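Below is one structure, written out as structure tokens; the observations come after it.
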Amino acid sequence: MSKSLLLAFTVLAASALSAQTPAPPKLSVQWEELSAAEFKDAIARSQGTCLLPFGIMEKHGPHLPLGNDLLNVRYVALNAAQQEYAVVFPAYYFGQIAEAKQQPGTVAYSRRLQLELLQETTDEMARNGCKKVIIVNGHGGNNSLLPYFAQTQLDAPHDYVVYVAAIGRSGPGEPKHKSPRETDMHAGESETSVSLIARPDLVHLDRATQESGADQGRVKLPDNVYTGIWWYARFPNHYAGDGSVASRELGEFEAKTWINGIVTAIRAVKADSESLRLQNQFFEQSKHPLETPR
Ligand SMILES: [Zn+2]
């Protein structure tokens with residue numbers, strides 16, 4: 001064998017070897033996929049910033065799966081955490097959905113349990129190093145529950161901060177919608193379009209016109225009066241809008257907008273040291289309010 005051939009073999013063998021050398025393991029963003037040792041690294045890498053994507057089990061018109069909000073919110077949260085590292089809590093869907101109990105497949109926990117479970121969940125996340133918990137909401141029925149939960153974190157001292165990231169699918173430059181925006185509220189064009197991106201295999205566009213998602217407007221009250229039956233009065237099929245006109249184009253835009261919003265939230269929360277500092281000051285002052293400097 002010639003010297004140059006031998007050299008070529010050596011180089012080949014070396015490159016084959018290096019190709020086999022495993023790359024350092026990628027740290028998963030998913031809590032349930034990490035080993036205990038990896039979890040410690042993940043908390044350090046995330047700077048104690050963790051996401052709690054919050055879904056629900058409820059009917060979504062005639063054409064979307066019961067877990068639609070859970071599947072979509074996990075899709076955007078996982079994508080966001082891969083762009084800006086954060087630890088993502090496992091599937092969570094124990095929210096407010098009393099208004100859909102007349103429909104098959106709804107899982108509606110009592111309000112007591114919703115709040116207790118959420119508190120124990122964020123407490124457990126914090127005990128494990130998640131000192132900044134971002135609840136990423138994926139379900140419109142939680143829009144009152146989650147800010148209320150965040151407000152009530154001030155009722156007793158905590159060594160962590162709860163942040164709530166609202167659903168944010170719309171933005172400037174959005175493709176034109178084909179159905180009216182005012183009633184596109186549940187399993188309609190916008191939400192169905194995002195589902196076409198997150199889980200297209202579970203979307204049955206051909207069934208979307210089997211039921212009406214029209215506003216039935218059965219209770220007439222002024223805008224400044226709220227009552228719990230409002231949703232059932234307007235949308236008893238638990239369908240609001242028209243999912244049949246959904247498109248991948250709109251879905252791509254809205255999913256991306258939502259993901260970008262979560263990435264921005266993760267970065268802002270990582271940079272925020274003021275909330276915990278002020279929260280601690282507040283708890284200290286609340287022990288003796290008469291001495292609070294004015
Ligand atoms: Zn939904």
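Naming works like this for the structure tokens: A, B, ... for the chains as they're shown, residue 1 at the start of each chain, ligands 1 onward in shown order.
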
For this session: DSSP on the backbone, then: every residue of stretch 16-85 of chain A marked strand (DSSP E), written as a ChimeraX atom specification.
Result: /A:49-54

For this session: Just the residues within 9 Å of stretch 79-93 of chain A, please, counting only C-alpha atoms, with nothing from its chain fewer than 2 positions along; format it as a ChimeraX atom specification.
Result: /A:28-32,39,42-43,45-57,67,69-71,74-77,95,107,125,130,258-264,266-267

For this session: Would you mind listing what lies within 10 Å of stretch 118-121 of chain A as a PyMOL selection string, with only C-alpha atoms counted and same-chain residues fewer than 2 positions away left out?
Result: chain A and resi 52+89+92+94-95+113-116+123-127+135+146+149-150+152-153

For this session: With only C-alpha atoms and all ligand atoms counted, collect every polymer residue having an atom within 6 Å of ligand 1; state the result as a list in words.
Result: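 Going residue by residue within 6 Å of ligand 1, we get Asn68, Asp69, His139, His186 and Ala187 of chain A.
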
Take the residues that were just selected and, keeping N, CA and C atoms, output them as an mmCIF file, in the first residue's frame.
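See selection.cif below for the written result:
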```cif
data_model
loop_
_atom_site.group_PDB
_atom_site.id
_atom_site.type_symbol
_atom_site.label_atom_id
_atom_site.label_comp_id
_atom_site.auth_asym_id
_atom_site.auth_seq_id
_atom_site.Cartn_x
_atom_site.Cartn_y
_atom_site.Cartn_z
ATOM 1 N N ASN A 68 -58.652 20.272 21.368
ATOM 2 C CA ASN A 68 -58.104 21.260 20.428
ATOM 3 C C ASN A 68 -57.246 22.331 21.101
ATOM 4 N N ASP A 69 -57.774 22.933 22.177
ATOM 5 C CA ASP A 69 -57.033 24.024 22.825
ATOM 6 C C ASP A 69 -55.735 23.520 23.453
ATOM 7 N N HIS A 139 -57.196 28.744 26.128
ATOM 8 C CA HIS A 139 -58.652 28.517 26.162
ATOM 9 C C HIS A 139 -59.366 29.788 26.620
ATOM 10 N N HIS A 186 -65.078 30.612 18.501
ATOM 11 C CA HIS A 186 -64.823 29.260 19.024
ATOM 12 C C HIS A 186 -65.000 28.234 17.906
ATOM 13 N N ALA A 187 -63.895 27.591 17.506
ATOM 14 C CA ALA A 187 -63.874 26.596 16.425
ATOM 15 C C ALA A 187 -64.207 27.232 15.072
#
```

Problem set entry | Residues near A:Gln96, cut-off 7 Å, only C-alpha atoms, skip fewer than 4 positions along chain, as a PyMOL selection string | chain A and resi 108+141-142

Put those residues in a file: C-alpha atoms, as a PDB file, in the first residue's frame.
```
ATOM      1  CA  ALA A 108     -65.458  20.433  33.867  1.00  0.00           C
ATOM      2  CA  GLY A 141     -63.006  30.210  28.991  1.00  0.00           C
ATOM      3  CA  ASN A 142     -59.947  30.771  31.211  1.00  0.00           C
TER       4      ASN A 142
END
```
